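Participant: To start, I am sharing the structure in question, which I have written as structure tokens.
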Amino acid sequence: MRRAESLIAAQDDLTRVGNEIKDRHQLNISVVGSRSSALSGPDGARFSYPAQLEEALRERLRGIEIKVTAHIPSGQTTAEMAADLPKILSEDHPALVIWQAGTVDALRGVEPDDFRTSLDQGLDAIAAAGADVIMMNMQYSPRTESMLGVAPFADVMRWVAEQRGVVLFDRLAIMHYWSDEGTFDLYAATSGYAMARHVHECIGRALASQIISAAHLDADRMQTTR
């Protein structure tokens, strides 16, 4: 269990998040990502990790107005998402942006150096808007690991997070850990919708824990005093 907790430990702070919650008793979050941040079907939005994150934060931060807005167009590269960020930031006014990137870039064969440039451009836009950011990397799948070269993109994201002092949600490592521990059978040829929902629920709750920790919030105290 100690190793699992270490995978969501944040080395950097979410200062804006902490201030918004303590001073204004609210938290607006924008999730920007690809199709791996969504679930299919008529109820997919209800069970995807952005909705699960909102629910988990509401449970743990009683009395705080929580709003999570998801922007998940299909097939966008990181460069295309970075170009859309100024509009998203001006419309949502988030205190926190969760930016999931890398999957489409790996599929399209984008050069890792170009990927890093796009990340920097997007992070500059988020910083200029005064928002905190959590970068999220790609999913882990043992069935496609050898076919889809995501490792260079994950390495770039870890390096950029370290150099810029931003929080990284290492979804790749977390799901790899769950697979190794037998929490989820990610080797199955057909994983099934129920398991996909459970994975998204766990991702949402892990994200909530990372946010609360990095913003230095006392969730237990909020539950008893609000």
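Chain labels follow the order of the structure tokens: the first chain is A, the next B, and so on; residue numbering restarts at 1 in every chain, and ligands are counted from 1 in their shown order.
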Enumerate the residues of segment 87-168 of chain A with a DSSP assignment of strand (DSSP E), computed from the backbone, and present them as a PDB file with N, CA and C atoms, in the first residue's frame.
Facilitator:
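Below you can see part.pdb, which holds the result:
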ATOM      1  N   LEU A  96      -7.864  25.081 -11.476  1.00  0.00           N
ATOM      2  CA  LEU A  96      -7.018  23.930 -11.772  1.00  0.00           C
ATOM      3  C   LEU A  96      -7.360  23.386 -13.148  1.00  0.00           C
ATOM      4  N   VAL A  97      -6.325  23.106 -13.934  1.00  0.00           N
ATOM      5  CA  VAL A  97      -6.475  22.403 -15.206  1.00  0.00           C
ATOM      6  C   VAL A  97      -5.815  21.034 -15.078  1.00  0.00           C
ATOM      7  N   ILE A  98      -6.553  19.997 -15.397  1.00  0.00           N
ATOM      8  CA  ILE A  98      -5.986  18.653 -15.493  1.00  0.00           C
ATOM      9  C   ILE A  98      -5.821  18.371 -16.978  1.00  0.00           C
ATOM     10  N   TRP A  99      -4.567  18.258 -17.408  1.00  0.00           N
ATOM     11  CA  TRP A  99      -4.273  18.139 -18.845  1.00  0.00           C
ATOM     12  C   TRP A  99      -3.723  16.761 -19.132  1.00  0.00           C
ATOM     13  N   GLN A 100      -4.541  15.934 -19.798  1.00  0.00           N
ATOM     14  CA  GLN A 100      -4.133  14.586 -20.166  1.00  0.00           C
ATOM     15  C   GLN A 100      -3.612  14.615 -21.594  1.00  0.00           C
ATOM     16  N   ASP A 132      -3.574  26.591 -11.539  1.00  0.00           N
ATOM     17  CA  ASP A 132      -2.699  25.458 -11.277  1.00  0.00           C
ATOM     18  C   ASP A 132      -2.913  24.407 -12.361  1.00  0.00           C
ATOM     19  N   VAL A 133      -1.985  23.467 -12.447  1.00  0.00           N
ATOM     20  CA  VAL A 133      -2.113  22.413 -13.452  1.00  0.00           C
ATOM     21  C   VAL A 133      -1.631  21.083 -12.894  1.00  0.00           C
ATOM     22  N   ILE A 134      -2.336  20.035 -13.280  1.00  0.00           N
ATOM     23  CA  ILE A 134      -1.870  18.662 -13.110  1.00  0.00           C
ATOM     24  C   ILE A 134      -1.769  18.061 -14.503  1.00  0.00           C
ATOM     25  N   MET A 135      -0.584  17.634 -14.879  1.00  0.00           N
ATOM     26  CA  MET A 135      -0.440  16.894 -16.135  1.00  0.00           C
ATOM     27  C   MET A 135      -0.709  15.418 -15.879  1.00  0.00           C
ATOM     28  N   MET A 136      -1.441  14.799 -16.792  1.00  0.00           N
ATOM     29  CA  MET A 136      -1.729  13.366 -16.702  1.00  0.00           C
ATOM     30  C   MET A 136      -1.207  12.679 -17.961  1.00  0.00           C
ATOM     31  N   VAL A 167       2.609  19.512 -11.006  1.00  0.00           N
ATOM     32  CA  VAL A 167       2.214  18.198 -10.518  1.00  0.00           C
ATOM     33  C   VAL A 167       1.952  17.265 -11.708  1.00  0.00           C
ATOM     34  N   LEU A 168       2.427  16.036 -11.594  1.00  0.00           N
ATOM     35  CA  LEU A 168       2.166  15.003 -12.591  1.00  0.00           C
ATOM     36  C   LEU A 168       1.339  13.898 -11.960  1.00  0.00           C
TER      37      LEU A 168
END
Participant: Hey, what does DSSP flag as alpha helix (DSSP H) within segment 5-208 of chain A? Can you give it to me as number ranges by chain?
Facilitator: A: 5-6, 15-19, 44-47, 49-60, 78-92, 103-108, 112-128, 151-164, 171-181, 193-208
Participant: Ser6 of chain A: which residues within 12 Å, counting only C-alpha atoms, same-chain residues fewer than 3 positions away excluded, as a PyMOL selection string?
Facilitator: chain A and resi 1-3+9-11+169-170+173-174+177+206+209-210+213
Participant: Quick one: residues within 12 Å of Gly204 of chain A, only C-alpha atoms counted, chain neighbours fewer than 6 positions away excluded, as a list in words?
Facilitator: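 The contact residues come out as Ile8, Val31, Ser37, Ala38, Arg46, Phe47, Ser48, Tyr49, Pro50, Ala51, Gln52, Leu53, Glu54, Glu55, Ala56, Leu57, Arg58, Val68, Ile98, Met136, Phe169, Arg171, Arg197, His198, Gln210 and Ile211 of chain A.
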Participant: A:Glu65, A:Asp114, A:Glu5, A:Asp155: which is nearest Ala79 of chain A, counting only C-alpha atoms?
Facilitator: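 Using only C-alpha atoms, Ala79 of chain A sits closest to A:Asp114.
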Participant: Could you tell me how far atom CA of Glu20 of chain A sits from atom CA of Ile126 of chain A, in Å to one decimal place?
Facilitator: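 Atom-to-atom, atom CA of Ile126 of chain A to atom CA of Glu20 of chain A, that is 16.1 Å.
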Participant: Report as a PyMOL selection string all protein, DNA and RNA residues lying within 10 Å of His216 of chain A, evaluated on only C-alpha atoms, omitting residues in the same chain fewer than 2 positions from it.
Facilitator: chain A and resi 13-15+17-18+210-214+218-219
Participant: Under the rule that only C-alpha atoms are counted, which of A:Ala125, A:Ala154, A:Leu172, A:Leu207 is the nearest residue to Ile29 of chain A?
Facilitator: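 Between A:Ala125, A:Ala154, A:Leu172, A:Leu207, the residue approaching Ile29 of chain A most closely is A:Leu207.
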